[in-house]
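Asks: Below is the file data13.pdb, which contains PDB, C-alpha atoms and all ligand atoms.
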ATOM      1  CA  MET A   1       0.000   0.000   0.000
ATOM      2  CA  PRO A   2       1.673   3.226  -1.142
ATOM      3  CA  GLY A   3       1.675   6.263   1.115
ATOM      4  CA  LYS A   4      -0.757   9.065   0.350
ATOM      5  CA  ASP A   5       1.748  11.870  -0.142
ATOM      6  CA  LEU A   6       0.607  13.736  -3.280
ATOM      7  CA  LEU A   7      -2.026  16.318  -4.169
ATOM      8  CA  VAL A   8      -3.756  17.211  -7.426
ATOM      9  CA  GLY A   9      -4.815  20.797  -8.105
ATOM     10  CA  ILE A  10      -7.334  21.371 -10.901
ATOM     11  CA  ASP A  11      -8.194  24.740 -12.418
ATOM     12  CA  ILE A  12     -11.361  24.816 -14.510
ATOM     13  CA  GLY A  13     -11.463  27.635 -17.040
ATOM     14  CA  GLY A  14     -13.927  28.629 -19.725
ATOM     15  CA  THR A  15     -12.265  26.562 -22.444
ATOM     16  CA  THR A  16      -9.500  24.584 -20.712
ATOM     17  CA  VAL A  17      -9.129  22.405 -17.633
ATOM     18  CA  LYS A  18      -5.618  22.416 -16.174
ATOM     19  CA  ALA A  19      -4.362  19.903 -13.647
ATOM     20  CA  ALA A  20      -1.128  19.726 -11.666
ATOM     21  CA  LEU A  21       0.416  16.986  -9.543
ATOM     22  CA  ILE A  22       1.733  18.712  -6.439
ATOM     23  CA  SER A  23       3.796  17.559  -3.458
ATOM     24  CA  LEU A  24       2.582  18.173   0.113
ATOM     25  CA  GLN A  25       5.221  20.930   0.220
ATOM     26  CA  GLY A  26       3.683  22.745  -2.754
ATOM     27  CA  GLU A  27       6.119  21.735  -5.478
ATOM     28  CA  ILE A  28       4.534  21.237  -8.918
ATOM     29  CA  LEU A  29       5.721  17.832 -10.178
ATOM     30  CA  SER A  30       3.825  17.594 -13.474
ATOM     31  CA  GLN A  31       1.053  19.381 -15.342
ATOM     32  CA  THR A  32      -1.504  18.684 -18.025
ATOM     33  CA  ALA A  33      -4.314  20.532 -19.775
ATOM     34  CA  VAL A  34      -7.416  19.405 -21.612
ATOM     35  CA  ARG A  35      -9.617  21.560 -23.801
ATOM     36  CA  THR A  36     -13.290  21.325 -22.979
ATOM     37  CA  GLU A  37     -16.283  23.633 -22.921
ATOM     38  CA  HIS A  38     -18.935  21.329 -21.492
ATOM     39  CA  MET A  39     -18.832  18.957 -18.547
ATOM     40  CA  THR A  40     -22.442  17.913 -18.208
ATOM     41  CA  THR A  41     -22.851  14.496 -19.885
ATOM     42  CA  GLU A  42     -21.318  11.284 -18.507
ATOM     43  CA  GLU A  43     -19.025  10.978 -21.548
ATOM     44  CA  GLU A  44     -17.732  14.554 -21.246
ATOM     45  CA  ILE A  45     -17.110  14.162 -17.514
ATOM     46  CA  ALA A  46     -15.382  10.794 -17.954
ATOM     47  CA  LYS A  47     -13.115  12.235 -20.666
ATOM     48  CA  VAL A  48     -12.057  15.197 -18.512
ATOM     49  CA  ALA A  49     -11.592  13.111 -15.345
ATOM     50  CA  HIS A  50      -9.470  10.584 -17.242
ATOM     51  CA  ALA A  51      -7.273  13.363 -18.671
ATOM     52  CA  ILE A  52      -6.869  14.824 -15.182
ATOM     53  CA  GLY A  53      -5.930  11.392 -13.831
ATOM     54  CA  SER A  54      -3.118  11.112 -16.384
ATOM     55  CA  VAL A  55      -1.248  13.889 -14.567
ATOM     56  CA  ALA A  56      -0.420  11.433 -11.762
ATOM     57  CA  GLY A  57       0.774   8.649 -14.085
ATOM     58  CA  ASP A  58       1.813   5.544 -12.109
ATOM     59  CA  ASP A  59       1.528   7.468  -8.823
ATOM     60  CA  ILE A  60      -2.260   7.715  -8.923
ATOM     61  CA  ASP A  61      -2.661   5.682  -5.697
ATOM     62  CA  ARG A  62      -0.423   8.158  -3.867
ATOM     63  CA  VAL A  63      -2.876  11.042  -4.433
ATOM     64  CA  ARG A  64      -4.295  11.980  -1.039
ATOM     65  CA  ASP A  65      -6.558  14.909  -1.922
ATOM     66  CA  VAL A  66      -7.806  16.671  -5.042
ATOM     67  CA  GLY A  67      -8.639  20.385  -5.136
ATOM     68  CA  LEU A  68     -10.958  21.756  -7.790
ATOM     69  CA  ALA A  69     -10.917  25.496  -8.614
ATOM     70  CA  ILE A  70     -14.148  26.598 -10.304
ATOM     71  CA  PRO A  71     -15.151  29.934 -11.893
ATOM     72  CA  GLY A  72     -18.338  30.251  -9.863
ATOM     73  CA  VAL A  73     -19.766  30.715  -6.399
ATOM     74  CA  VAL A  74     -19.208  27.578  -4.292
ATOM     75  CA  SER A  75     -21.300  27.273  -1.124
ATOM     76  CA  PRO A  76     -19.758  26.246   2.221
ATOM     77  CA  ASP A  77     -21.299  22.770   1.719
ATOM     78  CA  ASP A  78     -19.588  22.361  -1.677
ATOM     79  CA  ARG A  79     -22.504  23.169  -3.974
ATOM     80  CA  LEU A  80     -22.083  25.234  -7.114
ATOM     81  CA  ILE A  81     -24.499  28.126  -6.655
ATOM     82  CA  GLN A  82     -23.655  30.343  -9.601
ATOM     83  CA  ALA A  83     -21.328  29.708 -12.565
ATOM     84  CA  PRO A  84     -22.454  31.834 -15.500
ATOM     85  CA  ASN A  85     -19.454  31.085 -17.737
ATOM     86  CA  ILE A  86     -19.242  27.287 -17.651
ATOM     87  CA  ALA A  87     -21.447  24.248 -18.215
ATOM     88  CA  LEU A  88     -20.515  21.937 -15.343
ATOM     89  CA  ASP A  89     -22.208  19.112 -13.457
ATOM     90  CA  LEU A  90     -20.141  19.522 -10.280
ATOM     91  CA  PRO A  91     -21.502  16.522  -8.318
ATOM     92  CA  GLY A  92     -20.975  14.344 -11.412
ATOM     93  CA  LEU A  93     -17.379  15.514 -11.872
ATOM     94  CA  MET A  94     -16.571  15.101  -8.165
ATOM     95  CA  GLU A  95     -17.915  11.557  -8.201
ATOM     96  CA  GLU A  96     -15.914  10.648 -11.306
ATOM     97  CA  LEU A  97     -12.742  12.144  -9.792
ATOM     98  CA  LYS A  98     -13.260   9.981  -6.698
ATOM     99  CA  ASN A  99     -13.336   6.967  -9.040
ATOM    100  CA  VAL A 100     -10.192   8.099 -10.864
ATOM    101  CA  PHE A 101      -8.295   8.814  -7.611
ATOM    102  CA  PRO A 102      -9.310   5.948  -5.277
ATOM    103  CA  GLY A 103      -9.437   6.946  -1.630
ATOM    104  CA  ALA A 104      -8.737  10.630  -2.279
ATOM    105  CA  GLY A 105     -10.894  13.496  -1.036
ATOM    106  CA  VAL A 106     -12.218  15.931  -3.662
ATOM    107  CA  TRP A 107     -12.664  19.551  -2.576
ATOM    108  CA  PRO A 108     -14.174  22.299  -4.766
ATOM    109  CA  ILE A 109     -13.337  25.973  -4.269
ATOM    110  CA  ASN A 110     -14.045  29.232  -6.100
ATOM    111  CA  ASP A 111     -11.152  30.007  -8.464
ATOM    112  CA  ALA A 112     -10.308  33.456  -7.062
ATOM    113  CA  ASN A 113     -10.343  31.978  -3.556
ATOM    114  CA  ALA A 114      -8.017  29.243  -4.813
ATOM    115  CA  ALA A 115      -5.632  31.801  -6.332
ATOM    116  CA  ALA A 116      -5.636  33.683  -3.009
ATOM    117  CA  LEU A 117      -4.588  30.524  -1.166
ATOM    118  CA  GLY A 118      -2.009  29.752  -3.854
ATOM    119  CA  GLU A 119      -0.387  33.165  -3.425
ATOM    120  CA  LEU A 120      -0.517  32.696   0.370
ATOM    121  CA  TRP A 121       1.148  29.270   0.179
ATOM    122  CA  LYS A 122       3.767  29.759  -2.534
ATOM    123  CA  GLY A 123       3.481  33.244  -4.016
ATOM    124  CA  ALA A 124       3.430  36.941  -3.122
ATOM    125  CA  GLY A 125       1.690  36.299   0.206
ATOM    126  CA  THR A 126       4.155  33.911   1.810
ATOM    127  CA  GLY A 127       5.048  35.141   5.283
ATOM    128  CA  THR A 128       1.622  36.566   6.106
ATOM    129  CA  SER A 129      -1.438  34.678   7.388
ATOM    130  CA  SER A 130      -4.055  37.141   6.104
ATOM    131  CA  LEU A 131      -4.265  38.590   2.614
ATOM    132  CA  VAL A 132      -6.725  39.789   0.043
ATOM    133  CA  PHE A 133      -6.091  38.650  -3.520
ATOM    134  CA  VAL A 134      -7.726  40.691  -6.280
ATOM    135  CA  THR A 135      -7.784  39.433  -9.861
ATOM    136  CA  LEU A 136      -8.208  42.052 -12.578
ATOM    137  CA  GLY A 137      -9.270  40.538 -15.906
ATOM    138  CA  THR A 138     -12.387  40.861 -18.036
ATOM    139  CA  GLY A 139     -14.099  40.857 -14.631
ATOM    140  CA  VAL A 140     -12.884  41.505 -11.093
ATOM    141  CA  GLY A 141     -12.685  38.679  -8.558
ATOM    142  CA  ALA A 142     -11.140  38.382  -5.146
ATOM    143  CA  GLY A 143     -10.270  35.953  -2.386
ATOM    144  CA  VAL A 144     -10.063  36.890   1.274
ATOM    145  CA  VAL A 145      -7.776  34.869   3.542
ATOM    146  CA  VAL A 146      -7.898  35.487   7.304
ATOM    147  CA  ASP A 147      -5.645  33.544   9.685
ATOM    148  CA  GLY A 148      -4.733  31.111   6.897
ATOM    149  CA  LYS A 149      -8.333  30.283   5.995
ATOM    150  CA  ILE A 150     -10.403  31.477   3.079
ATOM    151  CA  VAL A 151     -13.466  33.487   4.111
ATOM    152  CA  VAL A 152     -16.407  31.934   2.252
ATOM    153  CA  GLY A 153     -19.308  33.543   4.101
ATOM    154  CA  ILE A 154     -22.781  32.172   4.804
ATOM    155  CA  ASP A 155     -23.783  32.125   1.124
ATOM    156  CA  GLY A 156     -20.356  31.781  -0.503
ATOM    157  CA  MET A 157     -20.445  35.448  -1.446
ATOM    158  CA  ALA A 158     -17.481  36.669   0.627
ATOM    159  CA  GLY A 159     -14.746  38.103  -1.557
ATOM    160  CA  GLU A 160     -17.070  39.129  -4.413
ATOM    161  CA  LEU A 161     -15.171  42.387  -4.486
ATOM    162  CA  GLY A 162     -16.059  42.964  -8.152
ATOM    163  CA  HIS A 163     -19.470  44.014  -6.891
ATOM    164  CA  PHE A 164     -18.237  46.396  -4.203
ATOM    165  CA  ASN A 165     -19.897  49.753  -4.843
ATOM    166  CA  VAL A 166     -17.348  52.391  -5.840
ATOM    167  CA  GLU A 167     -19.660  54.890  -7.590
ATOM    168  CA  PRO A 168     -23.138  55.738  -6.260
ATOM    169  CA  ASP A 169     -25.608  55.306  -9.149
ATOM    170  CA  GLY A 170     -22.722  54.493 -11.474
ATOM    171  CA  ARG A 171     -22.601  52.183 -14.494
ATOM    172  CA  GLN A 172     -25.107  49.330 -14.677
ATOM    173  CA  CYS A 173     -23.490  45.979 -13.779
ATOM    174  CA  ASN A 174     -24.610  42.499 -14.920
ATOM    175  CA  CYS A 175     -25.347  41.616 -11.278
ATOM    176  CA  GLY A 176     -28.222  44.096 -11.270
ATOM    177  CA  LEU A 177     -26.496  46.777  -9.199
ATOM    178  CA  LYS A 178     -24.967  50.051 -10.339
ATOM    179  CA  GLY A 179     -21.433  51.361  -9.833
ATOM    180  CA  CYS A 180     -19.737  48.026  -9.055
ATOM    181  CA  LEU A 181     -15.904  47.946  -9.021
ATOM    182  CA  GLU A 182     -15.971  45.519 -11.974
ATOM    183  CA  MET A 183     -17.467  48.237 -14.175
ATOM    184  CA  TYR A 184     -14.307  50.351 -13.733
ATOM    185  CA  ALA A 185     -11.326  48.203 -12.740
ATOM    186  CA  SER A 186     -11.712  45.289 -15.182
ATOM    187  CA  SER A 187     -10.283  45.353 -18.699
ATOM    188  CA  ARG A 188     -13.780  46.230 -19.936
ATOM    189  CA  GLY A 189     -13.967  48.980 -17.346
ATOM    190  CA  LEU A 190     -10.627  50.418 -18.427
ATOM    191  CA  VAL A 191     -11.768  50.473 -22.066
ATOM    192  CA  TYR A 192     -14.925  52.325 -20.974
ATOM    193  CA  LEU A 193     -12.936  54.888 -18.943
ATOM    194  CA  TYR A 194     -10.462  55.372 -21.780
ATOM    195  CA  LYS A 195     -13.151  56.000 -24.405
ATOM    196  CA  LYS A 196     -14.897  58.418 -22.036
ATOM    197  CA  HIS A 197     -11.693  60.434 -21.604
ATOM    198  CA  CYS A 198     -10.990  60.379 -25.367
ATOM    199  CA  GLU A 199     -14.442  61.787 -25.992
ATOM    200  CA  GLU A 200     -14.075  64.468 -23.309
ATOM    201  CA  GLN A 201     -10.670  65.495 -24.648
ATOM    202  CA  GLY A 202     -11.700  65.286 -28.311
ATOM    203  CA  VAL A 203      -9.011  62.675 -29.050
ATOM    204  CA  GLU A 204      -9.362  59.706 -31.421
ATOM    205  CA  PRO A 205      -8.874  56.450 -29.416
ATOM    206  CA  VAL A 206      -6.069  54.033 -30.344
ATOM    207  CA  PRO A 207      -7.408  50.940 -32.201
ATOM    208  CA  LEU A 208      -8.873  48.292 -29.874
ATOM    209  CA  GLU A 209      -9.837  44.831 -31.087
ATOM    210  CA  HIS A 210     -12.671  44.331 -28.592
ATOM    211  CA  GLU A 211     -14.400  45.873 -25.575
ATOM    212  CA  ALA A 212     -11.957  44.260 -23.142
ATOM    213  CA  HIS A 213      -8.719  45.001 -25.025
ATOM    214  CA  ALA A 214      -6.798  46.833 -22.292
ATOM    215  CA  LEU A 215      -3.217  46.266 -23.460
ATOM    216  CA  PRO A 216      -3.122  49.075 -26.087
ATOM    217  CA  ILE A 217      -4.400  51.494 -23.435
ATOM    218  CA  PHE A 218      -1.554  50.616 -21.076
ATOM    219  CA  GLU A 219       0.900  50.956 -23.986
ATOM    220  CA  ALA A 220      -0.514  54.379 -24.875
ATOM    221  CA  ALA A 221      -0.301  55.439 -21.217
ATOM    222  CA  ARG A 222       3.389  54.486 -21.121
ATOM    223  CA  LYS A 223       3.954  56.748 -24.137
ATOM    224  CA  GLY A 224       2.358  59.667 -22.312
ATOM    225  CA  ASP A 225      -1.081  59.567 -23.957
ATOM    226  CA  ALA A 226      -3.327  61.863 -21.865
ATOM    227  CA  PRO A 227      -6.695  60.013 -22.073
ATOM    228  CA  ALA A 228      -4.966  56.667 -21.446
ATOM    229  CA  ASN A 229      -3.202  58.019 -18.357
ATOM    230  CA  ALA A 230      -6.448  59.581 -17.108
ATOM    231  CA  ALA A 231      -8.213  56.229 -17.537
ATOM    232  CA  VAL A 232      -5.463  54.336 -15.679
ATOM    233  CA  ALA A 233      -5.568  56.916 -12.865
ATOM    234  CA  ASP A 234      -9.371  56.553 -12.601
ATOM    235  CA  MET A 235      -9.067  52.774 -12.534
ATOM    236  CA  ALA A 236      -6.484  52.982  -9.740
ATOM    237  CA  THR A 237      -8.719  55.365  -7.776
ATOM    238  CA  TYR A 238     -11.773  53.103  -8.039
ATOM    239  CA  LEU A 239      -9.727  50.090  -6.981
ATOM    240  CA  ALA A 240      -8.259  52.067  -4.071
ATOM    241  CA  ARG A 241     -11.783  52.876  -2.834
ATOM    242  CA  ALA A 242     -12.601  49.181  -2.689
ATOM    243  CA  LEU A 243      -9.286  48.209  -1.063
ATOM    244  CA  ALA A 244      -9.716  50.892   1.598
ATOM    245  CA  GLY A 245     -13.159  49.468   2.398
ATOM    246  CA  VAL A 246     -11.750  45.967   2.649
ATOM    247  CA  ALA A 247      -8.816  47.187   4.760
ATOM    248  CA  VAL A 248     -11.097  48.444   7.537
ATOM    249  CA  THR A 249     -13.076  45.203   7.341
ATOM    250  CA  VAL A 250     -10.353  42.546   7.525
ATOM    251  CA  ASN A 251      -7.086  44.515   7.931
ATOM    252  CA  PRO A 252      -5.073  42.065   5.803
ATOM    253  CA  GLY A 253      -1.308  41.641   5.905
ATOM    254  CA  ALA A 254      -1.139  42.343   2.157
ATOM    255  CA  PHE A 255      -3.166  43.023  -0.959
ATOM    256  CA  VAL A 256      -2.016  40.834  -3.850
ATOM    257  CA  ILE A 257      -3.040  41.995  -7.338
ATOM    258  CA  GLY A 258      -3.291  39.313 -10.041
ATOM    259  CA  GLY A 259      -5.117  38.634 -13.303
ATOM    260  CA  GLY A 260      -4.248  39.730 -16.836
ATOM    261  CA  MET A 261      -4.182  43.437 -15.998
ATOM    262  CA  SER A 262      -1.581  42.929 -13.262
ATOM    263  CA  GLY A 263       0.993  42.786 -16.074
ATOM    264  CA  ALA A 264       0.773  46.602 -15.977
ATOM    265  CA  PHE A 265       1.153  46.769 -12.189
ATOM    266  CA  ASP A 266       4.338  48.837 -12.541
ATOM    267  CA  LEU A 267       2.188  51.458 -14.272
ATOM    268  CA  PHE A 268      -0.859  51.611 -11.967
ATOM    269  CA  GLY A 269       0.634  50.189  -8.735
ATOM    270  CA  PRO A 270       2.191  53.451  -7.476
ATOM    271  CA  LEU A 271      -1.065  55.372  -8.196
ATOM    272  CA  LEU A 272      -3.067  52.655  -6.494
ATOM    273  CA  ARG A 273      -0.874  52.884  -3.385
ATOM    274  CA  GLU A 274      -1.132  56.690  -3.303
ATOM    275  CA  GLU A 275      -4.935  56.637  -3.627
ATOM    276  CA  PHE A 276      -5.229  53.824  -1.081
ATOM    277  CA  VAL A 277      -3.149  55.703   1.496
ATOM    278  CA  ALA A 278      -5.331  58.781   0.955
ATOM    279  CA  ARG A 279      -8.493  56.770   1.725
ATOM    280  CA  VAL A 280      -7.605  54.376   4.523
ATOM    281  CA  MET A 281      -7.331  54.939   8.260
ATOM    282  CA  PRO A 282      -3.784  55.804   9.350
ATOM    283  CA  ALA A 283      -3.262  52.386  10.990
ATOM    284  CA  GLY A 284      -3.733  50.650   7.629
ATOM    285  CA  ARG A 285      -1.544  52.870   5.471
ATOM    286  CA  GLY A 286       1.439  50.540   5.608
ATOM    287  CA  THR A 287      -0.456  47.563   4.138
ATOM    288  CA  PRO A 288       1.657  46.251   1.233
ATOM    289  CA  ILE A 289       0.008  46.201  -2.204
ATOM    290  CA  VAL A 290       2.002  43.816  -4.386
ATOM    291  CA  PRO A 291       1.641  42.034  -7.739
ATOM    292  CA  ALA A 292       0.892  38.296  -7.764
ATOM    293  CA  THR A 293       3.836  36.042  -8.602
ATOM    294  CA  LEU A 294       2.326  32.639  -9.501
ATOM    295  CA  GLY A 295       0.511  33.587 -12.719
ATOM    296  CA  ASN A 296      -1.529  30.716 -14.131
ATOM    297  CA  ASP A 297      -0.347  28.250 -11.470
ATOM    298  CA  ALA A 298      -2.063  30.072  -8.583
ATOM    299  CA  GLY A 299      -5.457  28.383  -9.016
ATOM    300  CA  ALA A 300      -4.166  24.796  -9.111
ATOM    301  CA  LEU A 301      -1.745  25.397  -6.224
ATOM    302  CA  GLY A 302      -4.398  27.052  -4.068
ATOM    303  CA  ALA A 303      -6.976  24.369  -4.824
ATOM    304  CA  ALA A 304      -4.409  21.770  -3.751
ATOM    305  CA  TYR A 305      -3.606  23.758  -0.602
ATOM    306  CA  GLN A 306      -7.263  23.908   0.395
ATOM    307  CA  ALA A 307      -7.546  20.160  -0.290
ATOM    308  CA  LEU A 308      -4.484  19.584   1.903
ATOM    309  CA  THR A 309      -5.925  21.542   4.824
ATOM    310  CA  LYS A 310      -9.482  20.200   4.479
ATOM    311  CA  GLY A 311      -8.418  16.645   3.775
ATOM    312  CA  SER A 312      -6.131  16.415   6.795
ATOM    313  CA  VAL A 313      -9.196  16.607   9.051
ATOM    314  CA  ASP A 314     -10.203  13.101   7.959
ATOM    315  CA  LEU A 315      -6.752  11.540   8.256
ATOM    316  CA  PRO A 316      -6.210   9.006  11.058
TER     317      PRO A 316
HETATM  318 ZN    ZN A 401     -22.088  44.101  -9.883
END
Could you write out this structure as structure tokens?
Replies:
Amino acid sequence: MPGKDLLVGIDIGGTTVKAALISLQGEILSQTAVRTEHMTTEEEIAKVAHAIGSVAGDDIDRVRDVGLAIPGVVSPDDRLIQAPNIALDLPGLMEELKNVFPGAGVWPINDANAAALGELWKGAGTGTSSLVFVTLGTGVGAGVVVDGKIVVGIDGMAGELGHFNVEPDGRQCNCGLKGCLEMYASSRGLVYLYKKHCEEQGVEPVPLEHEAHALPIFEAARKGDAPANAAVADMATYLARALAGVAVTVNPGAFVIGGGMSGAFDLFGPLLREEFVARVMPAGRGTPIVPATLGNDAGALGAAYQALTKGSVDLP
């Protein structure tokens, strides 16, 4: 009987499922990815679970726990409450994974929460026990870690920082509210702010391929473009409002900024810090605001970390 000394971290995305075999110390030993857009029928689930199982090779019996990062709201009792961007039968996938990894526990977690734990375990948050991870992409997500544990909340809603109000009666958000952070600090939000400033200044915008194409705006800002710099400054200010609100709520040891837009952290990070300091109580002004360091590995690592901590409860 082999020892159970390995973890598997799975990161479910909109078009790809990534899986990593991870040691109990958090070292990634091997990785695989499978393209899929639907996991609802038995055949689809079996195909994905089998591909995930291949990441462990001959060591499949050594897998102790499996963590599953999902782009959706996961309730405290492991139900998928809301996942607008994927077609997933979560109970079906969990059951199939238990077949593929005999004797292993399978633990689902929201993907931003997983990334927060990943950064805490092996990334920008090592050395602190409480952090808030914010992911800036086409949307805005976040994970709140207090005393080493993710804060899920009664309904799984904790950390939905994308829907923190930063502008009274502001832009209409998909969630039904107005003025949510996501409407200003996501890539879509930045494009909106940029076009608004171009219009106000009577400047023709640089070509953008779609409504979430933020990269050219950051490039223009680096070259000194006035509307682009105004948009980046607005984005930083909106984000600072939300971080200041979170700081007086959980007083984290660090804010870790990830997601596609964090590639421009050198550009907006100093502004973000300045605006944050101007809005937070004096005691919180020293809170570090740092870029994430794990990139695409954060979700799988954090899912594995949560599986490690949850799974250990059941160990003899
Ligand atoms: Zn919203």
Asks: Under the rule of at most 8 Å, produce a per-residue listing of chain A near ligand ZN 401 (chain A): chain, number, name, the closest pair of atoms, and the distance in Å, as a tab-separated table, using all atoms listed in the file.
Replies:
residue	atom	partner	partner_atom	distance
A:Gly162	CA	A:ZN401	ZN	6.4
A:His163	CA	A:ZN401	ZN	4.0
A:Phe164	CA	A:ZN401	ZN	7.2
A:Asn165	CA	A:ZN401	ZN	7.9
A:Gln172	CA	A:ZN401	ZN	7.7
A:Cys173	CA	A:ZN401	ZN	4.5
A:Asn174	CA	A:ZN401	ZN	5.9
A:Cys175	CA	A:ZN401	ZN	4.3
A:Gly176	CA	A:ZN401	ZN	6.3
A:Leu177	CA	A:ZN401	ZN	5.2
A:Lys178	CA	A:ZN401	ZN	6.6
A:Gly179	CA	A:ZN401	ZN	7.3
A:Cys180	CA	A:ZN401	ZN	4.6
A:Leu181	CA	A:ZN401	ZN	7.3
A:Glu182	CA	A:ZN401	ZN	6.6
A:Met183	CA	A:ZN401	ZN	7.5
Asks: Take the residues from that selection and write them out as a short mmCIF file (atom, residue, chain, number, x, y, z; two decimals), keeping the file's coordinate frame, keeping C-alpha atoms.
Replies:
data_model
loop_
_atom_site.label_atom_id
_atom_site.label_comp_id
_atom_site.auth_asym_id
_atom_site.auth_seq_id
_atom_site.Cartn_x
_atom_site.Cartn_y
_atom_site.Cartn_z
CA GLY A 162 -16.06 42.96 -8.15
CA HIS A 163 -19.47 44.01 -6.89
CA PHE A 164 -18.24 46.40 -4.20
CA ASN A 165 -19.90 49.75 -4.84
CA GLN A 172 -25.11 49.33 -14.68
CA CYS A 173 -23.49 45.98 -13.78
CA ASN A 174 -24.61 42.50 -14.92
CA CYS A 175 -25.35 41.62 -11.28
CA GLY A 176 -28.22 44.10 -11.27
CA LEU A 177 -26.50 46.78 -9.20
CA LYS A 178 -24.97 50.05 -10.34
CA GLY A 179 -21.43 51.36 -9.83
CA CYS A 180 -19.74 48.03 -9.06
CA LEU A 181 -15.90 47.95 -9.02
CA GLU A 182 -15.97 45.52 -11.97
CA MET A 183 -17.47 48.24 -14.18
#
Asks: Would you kindly translate the PyMOL selection byres (((chain A and resi 146) around 9) and not hetatm) into the concrete residues it picks from this file, as a PyMOL selection string?
Replies: chain A and resi 129-132+144-145+147-151+250+252
Asks: For Glu95 in chain A, list every protein, DNA or RNA residue within 9 Å, evaluated using only C-alpha atoms, and leave out those in the same chain fewer than 5 positions away; present the list as a tab-separated table (two decimals) with C-alpha atoms, keeping the file's coordinate frame.
Replies:
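File written: out.tsv
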chain	number	residue	atom	x	y	z
A	90	LEU	CA	-20.14	19.52	-10.28
A	100	VAL	CA	-10.19	8.10	-10.86
A	106	VAL	CA	-12.22	15.93	-3.66
Asks: Using only C-alpha atoms, determine which residues lie at most 10 Å from range 43-51 of chain A, disregarding the query and same-chain residues fewer than 4 positions distant; provide the list as an NGL selection string.
Replies: :A and (16-19 or 32-39 or 55-56 or 88-90 or 92-101)
Asks: Which is closer to Gly286 in chain A than all the others in A:Met261, A:Val206, A:Ala247, A:Val134, using only C-alpha atoms?
Replies: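 Selected residue with least distance to Gly286 in chain A: A:Ala247.
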Asks: Just give me the gap between CA of Leu190 in chain A and CA of Ala212 in chain A in Å, one decimal is fine.
Replies: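 Going from CA of Leu190 in chain A over to CA of Ala212 in chain A covers 7.9 Å.
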Asks: May I ask which of the residues A:Ala254, A:Gly269, A:Leu215, A:Asp78 is the closest one to Ala236 in chain A, counting all atoms listed in the file?
Replies: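 Closest residue, counting all atoms listed in the file: A:Gly269.
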Asks: Can you list what the PyMOL selection byres (((chain A and resi 233) around 12) and not hetatm) grabs from this structure, as a PyMOL selection string?
Replies: chain A and resi 184-185+190+193-194+197+217-218+221+226-232+234-240+267-275
Asks: Suppose we keep C-alpha atoms; can you now write the selection as an mmCIF file, in the coordinates of the input?
Replies:
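Saved as again-v4.cif:
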data_model
loop_
_atom_site.group_PDB
_atom_site.id
_atom_site.type_symbol
_atom_site.label_atom_id
_atom_site.label_comp_id
_atom_site.auth_asym_id
_atom_site.auth_seq_id
_atom_site.Cartn_x
_atom_site.Cartn_y
_atom_site.Cartn_z
ATOM 1 C CA TYR A 184 -14.307 50.351 -13.733
ATOM 2 C CA ALA A 185 -11.326 48.203 -12.740
ATOM 3 C CA LEU A 190 -10.627 50.418 -18.427
ATOM 4 C CA LEU A 193 -12.936 54.888 -18.943
ATOM 5 C CA TYR A 194 -10.462 55.372 -21.780
ATOM 6 C CA HIS A 197 -11.693 60.434 -21.604
ATOM 7 C CA ILE A 217 -4.400 51.494 -23.435
ATOM 8 C CA PHE A 218 -1.554 50.616 -21.076
ATOM 9 C CA ALA A 221 -0.301 55.439 -21.217
ATOM 10 C CA ALA A 226 -3.327 61.863 -21.865
ATOM 11 C CA PRO A 227 -6.695 60.013 -22.073
ATOM 12 C CA ALA A 228 -4.966 56.667 -21.446
ATOM 13 C CA ASN A 229 -3.202 58.019 -18.357
ATOM 14 C CA ALA A 230 -6.448 59.581 -17.108
ATOM 15 C CA ALA A 231 -8.213 56.229 -17.537
ATOM 16 C CA VAL A 232 -5.463 54.336 -15.679
ATOM 17 C CA ASP A 234 -9.371 56.553 -12.601
ATOM 18 C CA MET A 235 -9.067 52.774 -12.534
ATOM 19 C CA ALA A 236 -6.484 52.982 -9.740
ATOM 20 C CA THR A 237 -8.719 55.365 -7.776
ATOM 21 C CA TYR A 238 -11.773 53.103 -8.039
ATOM 22 C CA LEU A 239 -9.727 50.090 -6.981
ATOM 23 C CA ALA A 240 -8.259 52.067 -4.071
ATOM 24 C CA LEU A 267 2.188 51.458 -14.272
ATOM 25 C CA PHE A 268 -0.859 51.611 -11.967
ATOM 26 C CA GLY A 269 0.634 50.189 -8.735
ATOM 27 C CA PRO A 270 2.191 53.451 -7.476
ATOM 28 C CA LEU A 271 -1.065 55.372 -8.196
ATOM 29 C CA LEU A 272 -3.067 52.655 -6.494
ATOM 30 C CA ARG A 273 -0.874 52.884 -3.385
ATOM 31 C CA GLU A 274 -1.132 56.690 -3.303
ATOM 32 C CA GLU A 275 -4.935 56.637 -3.627
#
Asks: Tell me which of A:Thr138, A:Leu301, A:Leu208, A:Pro108 sits closest to Arg79 in chain A, counting all atoms listed in the file.
Replies: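 Nearest to Arg79 in chain A: A:Pro108.
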Asks: Residue by residue, what does the PyMOL selection byres (((chain A and resi 297) around 9) and not hetatm) grab here? Present the result as a list of chain:residue names.
Replies: A:Asp11, A:Ala20, A:Ile28, A:Ala115, A:Gly118, A:Leu294, A:Gly295, A:Asn296, A:Ala298, A:Gly299, A:Ala300, A:Leu301, A:Gly302
Asks: Fewer than 2 positions away in the same chain doesn't count, so skip those; otherwise give me all residues within 10 Å of range 303-307 of chain A, counting only C-alpha atoms, as number ranges by chain.
Replies: A: 6-11, 20-26, 64-70, 104-118, 120-122, 149-150, 298-301, 309-312
Asks: Give me the residues near range 71-75 of chain A as a list in words, where near means some atom within 8 Å (using only C-alpha atoms) and where sequence neighbours in that chain fewer than 6 positions away do not count.
Replies: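 Counting only the stated atoms, we get Ile12, Gly13, Ile81, Gln82, Ala83, Pro84, Asn85, Ile86, Pro108, Ile109, Asn110, Asp111, Ala112, Val152, Ile154, Asp155, Gly156 and Met157 of chain A.
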